[in-house]
$ cat model35.cif   # mmCIF, C-alpha atoms
data_query
#
loop_
_atom_site.label_atom_id
_atom_site.label_comp_id
_atom_site.auth_asym_id
_atom_site.auth_seq_id
_atom_site.Cartn_x
_atom_site.Cartn_y
_atom_site.Cartn_z
CA MET A 611 11.16 153.53 -7.54
CA SER A 612 12.22 155.61 -4.49
CA ALA A 613 11.37 159.29 -4.28
CA ALA A 614 14.06 161.87 -4.98
CA PRO A 615 15.75 163.21 -1.82
CA SER A 616 14.05 166.25 -0.31
CA LEU A 617 14.23 168.38 2.83
CA ARG A 618 11.93 170.80 4.62
CA VAL A 619 13.56 174.22 4.40
CA THR A 620 12.74 177.39 6.36
CA GLU A 621 14.97 179.74 4.34
CA ILE A 622 18.02 179.97 2.09
CA PHE A 623 19.84 183.29 2.15
CA ALA A 624 23.23 184.99 1.84
CA SER A 625 24.66 186.85 4.81
CA ILE A 626 27.80 187.34 6.88
CA GLN A 627 28.76 184.34 8.99
CA GLY A 628 28.20 185.56 12.53
CA GLU A 629 29.86 182.78 14.51
CA SER A 630 32.66 180.18 14.46
CA THR A 631 36.16 180.61 13.05
CA ARG A 632 34.50 181.55 9.73
CA ALA A 633 32.94 184.64 11.30
CA GLY A 634 32.87 187.55 8.87
CA LEU A 635 32.82 185.45 5.69
CA PRO A 636 30.02 185.99 3.16
CA THR A 637 28.09 182.72 3.35
CA VAL A 638 25.01 181.00 2.00
CA PHE A 639 22.84 179.72 4.84
CA VAL A 640 20.45 176.81 4.43
CA ARG A 641 18.14 176.86 7.44
CA LEU A 642 16.29 173.57 7.76
CA THR A 643 12.98 173.19 9.59
CA GLY A 644 12.42 171.29 12.82
CA CYS A 645 14.27 170.71 16.08
CA PRO A 646 13.86 168.08 18.83
CA LEU A 647 15.17 170.47 21.51
CA ARG A 648 13.55 173.49 23.14
CA CYS A 649 16.37 175.64 24.51
CA ALA A 650 15.22 178.33 26.94
CA TRP A 651 16.97 181.10 25.00
CA CYS A 652 16.52 179.83 21.43
CA ASP A 653 16.47 182.68 18.88
CA THR A 654 15.19 180.69 15.89
CA GLU A 655 11.90 179.30 17.14
CA TYR A 656 10.35 180.23 13.80
CA ALA A 657 12.28 177.30 12.31
CA PHE A 658 10.61 174.72 14.56
CA ARG A 659 7.72 174.13 12.17
CA GLY A 660 6.39 175.03 8.75
CA GLY A 661 8.96 175.51 6.01
CA THR A 662 8.79 174.35 2.42
CA ARG A 663 9.54 170.87 1.10
CA MET A 664 12.31 171.22 -1.48
CA SER A 665 14.09 168.64 -3.58
CA GLU A 666 17.84 168.32 -3.19
CA ASP A 667 18.31 169.62 -6.72
CA ASP A 668 16.18 172.70 -6.03
CA ILE A 669 18.18 173.44 -2.87
CA LEU A 670 21.44 173.17 -4.80
CA ALA A 671 20.08 175.50 -7.48
CA ALA A 672 19.02 178.05 -4.85
CA ILE A 673 22.49 177.93 -3.29
CA ALA A 674 24.19 178.34 -6.67
CA ARG A 675 22.23 181.52 -7.41
CA HIS A 676 24.03 183.29 -4.55
CA ASN A 677 27.42 182.68 -6.19
CA LEU A 678 29.35 182.17 -2.94
CA PRO A 679 31.83 179.36 -2.15
CA THR A 680 30.95 178.95 1.54
CA VAL A 681 27.77 177.21 2.74
CA CYS A 682 26.47 176.79 6.29
CA ILE A 683 23.75 174.25 7.07
CA THR A 684 21.77 175.29 10.13
CA GLY A 685 18.32 175.13 11.68
CA GLY A 686 16.39 174.37 13.78
CA GLU A 687 18.45 171.26 14.07
CA PRO A 688 19.64 170.17 10.61
CA LEU A 689 20.50 166.59 11.60
CA ALA A 690 16.86 166.02 12.54
CA GLN A 691 16.42 165.46 8.79
CA ARG A 692 18.82 162.68 7.89
CA ALA A 693 18.56 163.50 4.18
CA VAL A 694 20.86 166.43 4.96
CA LEU A 695 23.78 163.98 4.89
CA GLY A 696 23.33 163.45 1.16
CA LEU A 697 22.95 167.19 0.52
CA MET A 698 26.21 167.97 2.30
CA HIS A 699 28.02 165.20 0.42
CA ARG A 700 26.90 166.68 -2.90
CA LEU A 701 27.88 170.19 -1.83
CA CYS A 702 31.38 169.01 -0.92
CA ASN A 703 31.70 167.21 -4.26
CA MET A 704 30.75 170.45 -6.01
CA GLY A 705 33.63 172.26 -4.33
CA TYR A 706 31.75 174.23 -1.68
CA ARG A 707 33.30 174.83 1.75
CA VAL A 708 30.59 173.38 3.96
CA SER A 709 29.93 173.69 7.68
CA ILE A 710 27.03 172.55 9.82
CA GLU A 711 25.71 174.05 13.05
CA THR A 712 24.33 171.16 15.10
CA CYS A 713 23.18 170.91 18.70
CA GLY A 714 25.26 167.86 19.56
CA ALA A 715 22.27 165.80 20.64
CA LEU A 716 22.18 163.80 17.39
CA ASP A 717 24.77 161.43 15.95
CA ILE A 718 27.44 163.15 13.82
CA ALA A 719 29.38 159.99 12.92
CA GLU A 720 27.94 159.49 9.42
CA MET A 721 28.69 162.99 8.18
CA ASP A 722 30.99 163.60 5.22
CA ALA A 723 34.51 164.10 6.63
CA ARG A 724 34.95 167.27 4.56
CA VAL A 725 32.19 169.09 6.47
CA VAL A 726 33.27 171.33 9.38
CA ARG A 727 31.08 170.46 12.34
CA VAL A 728 30.26 173.25 14.79
CA LEU A 729 28.86 171.44 17.82
CA ASP A 730 26.64 173.57 20.08
CA TRP A 731 27.29 171.98 23.48
CA LYS A 732 24.23 172.87 25.54
CA ALA A 733 24.84 174.60 28.88
CA PRO A 734 22.57 174.14 31.95
CA SER A 735 20.67 177.40 31.37
CA SER A 736 19.40 176.06 28.05
CA GLY A 737 17.33 173.43 29.85
CA GLU A 738 18.69 170.82 27.42
CA CYS A 739 22.08 170.06 28.97
CA ASP A 740 21.13 166.41 29.49
CA LYS A 741 20.68 165.97 25.73
CA ASN A 742 24.40 166.41 24.95
CA ARG A 743 25.55 163.21 23.26
CA LEU A 744 28.94 162.35 24.77
CA GLU A 745 29.63 159.82 22.02
CA ASN A 746 29.90 162.68 19.55
CA LEU A 747 33.10 163.89 21.19
CA ARG A 748 34.93 160.81 19.92
CA HIS A 749 34.14 161.75 16.34
CA LEU A 750 35.47 165.31 16.46
CA ARG A 751 38.47 166.27 14.35
CA ALA A 752 40.91 169.15 14.71
CA SER A 753 38.99 171.00 11.97
CA ASP A 754 35.73 170.89 13.97
CA GLU A 755 34.57 173.33 16.65
CA ILE A 756 32.63 173.20 19.91
CA LYS A 757 30.50 176.22 20.76
CA PHE A 758 29.42 177.05 24.32
CA VAL A 759 26.62 179.62 24.52
CA LEU A 760 26.57 180.88 28.11
CA ALA A 761 23.87 182.80 29.97
CA ASP A 762 25.49 183.30 33.39
CA GLU A 763 28.48 182.53 35.58
CA ALA A 764 27.13 179.09 36.48
CA ASP A 765 27.12 178.20 32.78
CA TYR A 766 30.69 179.49 32.53
CA ARG A 767 31.90 177.35 35.44
CA TRP A 768 30.13 174.34 33.94
CA ALA A 769 31.81 174.92 30.56
CA CYS A 770 35.23 175.16 32.21
CA ALA A 771 34.58 171.83 33.93
CA GLN A 772 33.55 170.25 30.62
CA ILE A 773 36.80 171.38 29.01
CA ARG A 774 38.85 169.84 31.81
CA ARG A 775 36.84 166.63 32.14
CA HIS A 776 36.81 165.77 28.44
CA ARG A 777 40.13 167.43 27.51
CA LEU A 778 38.24 169.34 24.84
CA SER A 779 41.04 171.77 24.00
CA GLU A 780 43.02 168.77 22.70
CA ARG A 781 40.20 167.82 20.33
CA CYS A 782 39.30 170.97 18.41
CA THR A 783 38.71 174.73 18.54
CA LEU A 784 36.53 175.90 21.43
CA LEU A 785 34.22 178.93 21.21
CA PHE A 786 32.59 180.85 24.07
CA SER A 787 29.79 183.33 23.43
CA PRO A 788 27.25 185.08 25.67
CA VAL A 789 23.51 184.67 25.33
CA ALA A 790 22.38 188.04 23.99
CA GLY A 791 20.62 190.05 26.66
CA HIS A 792 21.56 187.65 29.48
CA LEU A 793 25.33 187.77 30.00
CA SER A 794 27.55 190.81 29.56
CA PRO A 795 30.04 190.20 26.72
CA ALA A 796 32.65 192.18 28.64
CA ALA A 797 32.19 190.02 31.74
CA LEU A 798 32.62 186.83 29.74
CA ALA A 799 35.73 188.18 28.02
CA GLU A 800 37.22 189.16 31.39
CA TRP A 801 36.60 185.69 32.85
CA ILE A 802 38.28 184.05 29.86
CA VAL A 803 41.37 186.25 30.20
CA ARG A 804 41.45 185.89 33.99
CA ASP A 805 41.34 182.09 33.80
CA ARG A 806 43.64 181.84 30.76
CA LEU A 807 41.16 179.56 29.00
CA PRO A 808 42.18 177.89 25.72
CA VAL A 809 39.06 179.22 23.98
CA ARG A 810 38.06 181.85 21.45
CA PHE A 811 35.61 184.55 22.56
CA GLN A 812 32.95 185.41 20.01
CA LEU A 813 29.89 187.58 19.57
CA GLN A 814 27.06 186.86 17.16
CA LEU A 815 28.04 189.34 14.46
CA HIS A 816 24.71 189.01 12.68
CA LYS A 817 22.96 190.25 15.83
CA VAL A 818 25.34 193.18 16.13
CA LEU A 819 24.62 194.11 12.51
CA TRP A 820 20.93 193.28 12.13
CA GLN A 821 19.55 192.28 15.56
CA ASP A 822 17.10 189.38 15.06
CA ALA A 823 16.09 190.09 11.45
CA ARG A 824 15.22 186.95 9.50
CA GLY A 825 17.24 186.21 6.40
CA LYS A 826 20.28 187.92 7.93
#
$ encode --input "model35.cif" --output "structure tokens"
Amino acid sequence: MSAAPSLRVTEIFASIQGESTRAGLPTVFVRLTGCPLRCAWCDTEYAFRGGTRMSEDDILAAIARHNLPTVCITGGEPLAQRAVLGLMHRLCNMGYRVSIETCGALDIAEMDARVVRVLDWKAPSSGECDKNRLENLRHLRASDEIKFVLADEADYRWACAQIRRHRLSERCTLLFSPVAGHLSPAALAEWIVRDRLPVRFQLQLHKVLWQDARGK
């Protein structure tokens, strides 16, 4: 008899969604443990290791206690634990509005079609640009989103080239945000307006509200 599905979880908490087109919505976050990447400016290194092994049923019960309809699966890198696919399927069946924040380095093809996929396309300053999985672009739908987190003007120029080369604005919503403490938000906003980019500027609202506090 096979073991019941389980996942290693760093934290489950309710907060305001800080990014994506759902920014501002009260949301339950499920932060899974582990990540195969090591981005230079990662702000969730505490999720690389440790965590608590939880059954799928226990995770669902913890989510339900927050009494919110919107759930975001994040990490670390949530797709590093393939059992997350079953969890998201069950959440969708239960009527939750589910999104996942994934780095784009791992295959997204098997994911439940009802899940909104926010693909974090890694810029050169991250040190993990070569890990972007180009095959994932074929699987994106209009309801999905690509997020570019940019640390300098070189990252910005690279992102603009990616949009042109892969015709990304025809695929889904595009999001540009500055790496906190590295790139001026005003400068990024001015570049976007100057170049008439088909993107949405965003700040990490949770950082504006609570800086880097865990569970926020």
$ resolve_selection --input "model35.cif" --expression "the PyMOL selection byres ((chain A and resi 738) around 12)" --output "list in words"
Pro646, Leu647, Arg648, Cys649, Ala650, Trp651, Cys652, Cys713, Gly714, Ala715, Asp730, Trp731, Lys732, Ala733, Pro734, Ser735, Ser736, Gly737, Cys739, Asp740, Lys741, Asn742 and Arg743 of chain A
$ residues_near_point --input "model35.cif" --point "(9.7, 175.2, 10.9)" --cutoff "6 Å" --atoms "all atoms listed in the file" --output "NGL selection string"
:A and (620 or 643-644 or 656-661)
$ residues_around --input "model35.cif" --residues "A:Phe758" --least-positions-apart "5" --cutoff "12 Å" --atoms "only C-alpha atoms" --output "PyMOL selection string"
chain A and resi 629-630+713-714+728-736+739+742+765-770+772-773+778+783-789+798+809-813
$ resolve_selection --input "model35.cif" --expression "the PyMOL selection byres ((chain A and resi 682) around 6)" --output "PDB file with C-alpha atoms, in the coordinates of the input"
ATOM      1  CA  PHE A 639      22.840 179.720   4.840  1.00  0.00           C
ATOM      2  CA  VAL A 681      27.770 177.210   2.740  1.00  0.00           C
ATOM      3  CA  ILE A 683      23.750 174.250   7.070  1.00  0.00           C
ATOM      4  CA  VAL A 708      30.590 173.380   3.960  1.00  0.00           C
ATOM      5  CA  SER A 709      29.930 173.690   7.680  1.00  0.00           C
ATOM      6  CA  ILE A 710      27.030 172.550   9.820  1.00  0.00           C
TER       7      ILE A 710
END
$ resolve_selection --input "model35.cif" --expression "the PyMOL selection byres ((chain A and resi 749) around 12)" --output "list of chain:residue names"
A:Gly714, A:Asp717, A:Ile718, A:Ala719, A:Glu720, A:Met721, A:Asp722, A:Ala723, A:Val726, A:Arg727, A:Leu729, A:Arg743, A:Leu744, A:Glu745, A:Asn746, A:Leu747, A:Arg748, A:Leu750, A:Arg751, A:Ala752, A:Ser753, A:Asp754, A:Glu755, A:Arg781, A:Cys782
$ atom_distance --input "model35.cif" --atom1 "atom CA of A:Cys645" --atom2 "atom CA of A:Gly686"
4.8 Å
$ atom_distance --input "model35.cif" --atom1 "atom CA of A:Ile673" --atom2 "atom CA of A:Ser616"
14.7 Å
$ atom_distance --input "model35.cif" --atom1 "atom CA of A:Gly628" --atom2 "atom CA of A:Thr712"
15.1 Å
$ closest_residue --input "model35.cif" --among "A:Ala796, A:Ala823, A:Leu697, A:Ala690" --to "A:Leu716" --atoms "only C-alpha atoms"
A:Ala690
$ residues_around --input "model35.cif" --residues "stretch 705-707 of chain A" --least-positions-apart "6" --cutoff "8 Å" --atoms "all atoms listed in the file" --output "count of residues only"
4
$ residues_near_point --input "model35.cif" --point "(26.6, 187.7, 16.0)" --cutoff "10 Å" --atoms "only C-alpha atoms" --output "PyMOL selection string"
chain A and resi 626-630+633-634+787+790+812-822
$ write_last_selection --input "model35.cif" --atoms "C-alpha atoms" --output "compact mmCIF listing (two decimals), in the coordinates of the input"
# COMPACT_ATOMS: atom_id res chain seq x y z
CA ILE A 626 27.80 187.34 6.88
CA GLN A 627 28.76 184.34 8.99
CA GLY A 628 28.20 185.56 12.53
CA GLU A 629 29.86 182.78 14.51
CA SER A 630 32.66 180.18 14.46
CA ALA A 633 32.94 184.64 11.30
CA GLY A 634 32.87 187.55 8.87
CA SER A 787 29.79 183.33 23.43
CA ALA A 790 22.38 188.04 23.99
CA GLN A 812 32.95 185.41 20.01
CA LEU A 813 29.89 187.58 19.57
CA GLN A 814 27.06 186.86 17.16
CA LEU A 815 28.04 189.34 14.46
CA HIS A 816 24.71 189.01 12.68
CA LYS A 817 22.96 190.25 15.83
CA VAL A 818 25.34 193.18 16.13
CA LEU A 819 24.62 194.11 12.51
CA TRP A 820 20.93 193.28 12.13
CA GLN A 821 19.55 192.28 15.56
CA ASP A 822 17.10 189.38 15.06
$ build_atoms --input "model35.cif" --residues "stretch 642-658 of chain A" --atoms "N, CA and C atoms" --output "compact mmCIF listing (two decimals), keeping the file's coordinate frame"
# COMPACT_ATOMS: atom_id res chain seq x y z
N LEU A 642 17.27 174.64 7.84
CA LEU A 642 16.29 173.57 7.76
C LEU A 642 15.26 173.70 8.88
N THR A 643 14.11 173.08 8.67
CA THR A 643 12.98 173.19 9.59
C THR A 643 12.96 172.03 10.57
N GLY A 644 12.61 172.32 11.81
CA GLY A 644 12.42 171.29 12.82
C GLY A 644 13.58 171.21 13.79
N CYS A 645 13.25 170.90 15.05
CA CYS A 645 14.27 170.71 16.08
C CYS A 645 13.67 169.89 17.22
N PRO A 646 14.38 168.87 17.72
CA PRO A 646 13.86 168.08 18.83
C PRO A 646 14.08 168.73 20.19
N LEU A 647 14.89 169.79 20.25
CA LEU A 647 15.17 170.47 21.51
C LEU A 647 14.34 171.75 21.64
N ARG A 648 14.26 172.24 22.87
CA ARG A 648 13.55 173.49 23.14
C ARG A 648 14.37 174.31 24.14
N CYS A 649 15.48 174.86 23.65
CA CYS A 649 16.37 175.64 24.51
C CYS A 649 15.66 176.89 25.04
N ALA A 650 15.92 177.22 26.29
CA ALA A 650 15.22 178.33 26.94
C ALA A 650 15.46 179.65 26.22
N TRP A 651 16.65 179.82 25.63
CA TRP A 651 16.97 181.10 25.00
C TRP A 651 17.12 180.99 23.47
N CYS A 652 16.45 180.01 22.88
CA CYS A 652 16.52 179.83 21.43
C CYS A 652 16.08 181.10 20.71
N ASP A 653 16.82 181.48 19.66
CA ASP A 653 16.47 182.68 18.88
C ASP A 653 15.98 182.35 17.48
N THR A 654 15.72 181.07 17.22
CA THR A 654 15.19 180.69 15.89
C THR A 654 13.98 179.77 16.03
N GLU A 655 13.09 180.12 16.95
CA GLU A 655 11.90 179.30 17.14
C GLU A 655 11.03 179.24 15.89
N TYR A 656 11.15 180.24 15.03
CA TYR A 656 10.35 180.23 13.80
C TYR A 656 10.72 179.07 12.88
N ALA A 657 11.87 178.43 13.13
CA ALA A 657 12.28 177.30 12.31
C ALA A 657 11.83 175.95 12.88
N PHE A 658 11.07 175.97 13.97
CA PHE A 658 10.61 174.72 14.56
C PHE A 658 9.60 174.00 13.68
